[in-house]
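What follows is a single structure, written as C-alpha cells, with notes after it.
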Amino acid sequence: MSVSRGAQLKVHVGSPKVEAVEGAEVVLPAWYTLNRMMSSLKPEASLYVLWFLEQSGKEMAQVLSYLNGVLIINKPRVSLVHTLPSRNVSLKLVQLQEQDSGLYKCSVNVQDQGNSMSDVGSLELDVLVSPAIPSCHLHGVPRMGANVTLTCQTPRSKPVAQYSWERLPPRNQFFFSPAVDSTRGSLFLTNLSASMSGVYVCKASNKVGSAQCNVTLEVTSGPKAAVVAGAVVGTLGVLVLLAVLVLLYYHREKMQEESANDIKEDAVAPRTLPWPKGSDTISKNGTLSSVTSARALRSSHGPTRPGALTPTPSLSSQAQPSPGLPRTNRTHPPAVSPTLGGVSSSALSRMGAVPVMVPAQNQAGSLV
C-alpha cells in the first residue's frame with residue numbers, strides 16, 4: 001500500500017502494522033517506484049529520504065534524513081537497510097524498547113532535470129513486552145475449613161498478561177473459572193482440607209512470552225493451632241505472675257524495713273521513778289520488800305529528838321490480808337501508841353503527818 005502525490009513516483013510499505021518484541025530488532029520495509037516514463041532515471045539523480053516518528057501526545061520527530069548524498073541519523077539504534085542512493089529505503093531498528101512504538105512515516109523526493117516527484121508512506125510499529133516475573137502471595141490463614149486467596153501479578157506486560165494456576169505433582173491439578181480470575185490473577189480456595197496442601201504455580205503469559213511464580217500452601221488443623229496459641233498464652237501468663245510475685249516480695253521487704261526504722265526512731269527510754277532517800281521501798285503486791293525502820297535507826301543512834309517525825313508508809317501501801325490465806329497461827333500486832341517519839345497524834349496531824357498502821361512481824365521475821 002502507498003500514498004502517492006504524483007503519478008510518476010509511489011512509496012510502498014509492507015504491512016501497515018508491524019509487531020516486534022522488546023529487546024529484538026525489526027525492519028520497517030519501504031521502497032519507491034517510478035512510472036514507465038521515469039523508469040530510466042539513474043540512481044545518481046537527486047534523492048531525498050526522510051523518516052519521521054509520530055507518537056500520541058508528542059510532536060512529530062525526525063528519525064533519519066538523507067539529503068544530497070549526506071546521511072544524518074537523529075535517533076539511536078536506527079539505520080538504513082541499504083546504502084543510498086537506492087530505491088529500497090527500508091528502516092532498521094535494533095535493541096527495541098517499548099517507547100519505540102509509534103507511527104513511522106517515510107517521505108521520498110526525487111528531482112531530475114527540473115522535475116520533482118515525491119510521495120509518503122506510513123506504517124505503525126508496536127513493540128510488545130513479554131511478561132516480567134510475577135509475584136505470588138497468600139492471603140488468609142490456611143486452617144482446616146477456612147478460605148484463602150492466592151494472588152499473582154506481573155509488573156510489566158504488553159499486551160496485558162493472562163493468568164493461570166496449577167498445583168504441582170504428586171497431586172497435579174489445574175484450576176479454572178470461577179476459582180481463577182484470569183485477568184487479576186487470583187485463585188480462590190474454600191473449605192480447606194489437609195489434602196489441599198502443596199505447591200501452587202501461577203503462570204502469566206501473553207502472545208510473546210510467559211513467566212511464573214509459586215507459593216506453598218500448608219493447611220494446618222485448628223486444634224493444633226489452638227494448642228500452640230494456648231501454650232504461648234500460658235507461658236506469658238506464668239511470666240507475668242512471677243513478675244508480680246517478685247514485686248510484691250520486694251515491696252513487703254521494703255515496708256518491713258521502713259516500719260522497723262520508724263519504731264527505732266520513735267522509741268523512748270523508760271524513766272526511773274525517783275524515790276526519796278531513806279524511804280521505804282514497797283512492792284507491787286502491797287507488802288514491804290525492804291524496810292528501813294525509823295525505830296531501828298533510833299535504836300542504833302540513840303533516842304529520837306523531840307519533834308522528829310518517823311517516815312511511815314501511806315495507808316495505800318499497807319498490806320491487806322489475802323482472803324485466800326488461812327488465818328491460823330497469826331500473831332496480832334501490838335497496839336500502836338497514839339504518840340510517836342513523844343509527839344501526840346494531834347500534833348502530828350497539825351504538822352501534816354498521816355497516821356498509818358505499821359504491819360507487824362511474826363516470829364520468823366516476815367511481814368504479816
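Please note that chains go A, B, ... in the order of the C-alpha cells, that every chain numbers its residues from 1, and that ligands are numbered from 1 in the order shown.
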* To do: Identify all residues of stretch 69-124 of chain A in strand (DSSP E or B) (DSSP on the backbone) and supply them as a ChimeraX atom specification.
  => /A:70-73,78-80,88,91-93,102-112,115-124
Give one line per residue of stretch 138-229 of chain A that approaches stretch 105-128 of chain A to at most 9 Å, naming the two atoms of the closest pair and their distance in Å to one decimal, counting only C-alpha atoms; sort by chain then ascending residue number and deliver it as CSV.
residue,atom,partner,partner_atom,distance
A:Ser157,CA,A:Leu128,CA,7.9
A:Lys158,CA,A:Leu128,CA,5.2
A:Pro159,CA,A:Leu128,CA,6.7
A:Lys207,CA,A:Leu128,CA,8.8
A:Val208,CA,A:Leu128,CA,7.1
* With distances taken over only C-alpha atoms, which of A:Ser186, A:Thr235, A:Ser86, A:Asn206 is nearest to A:Thr149? ->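 Among the listed residues, A:Ser186 lies closest to A:Thr149.
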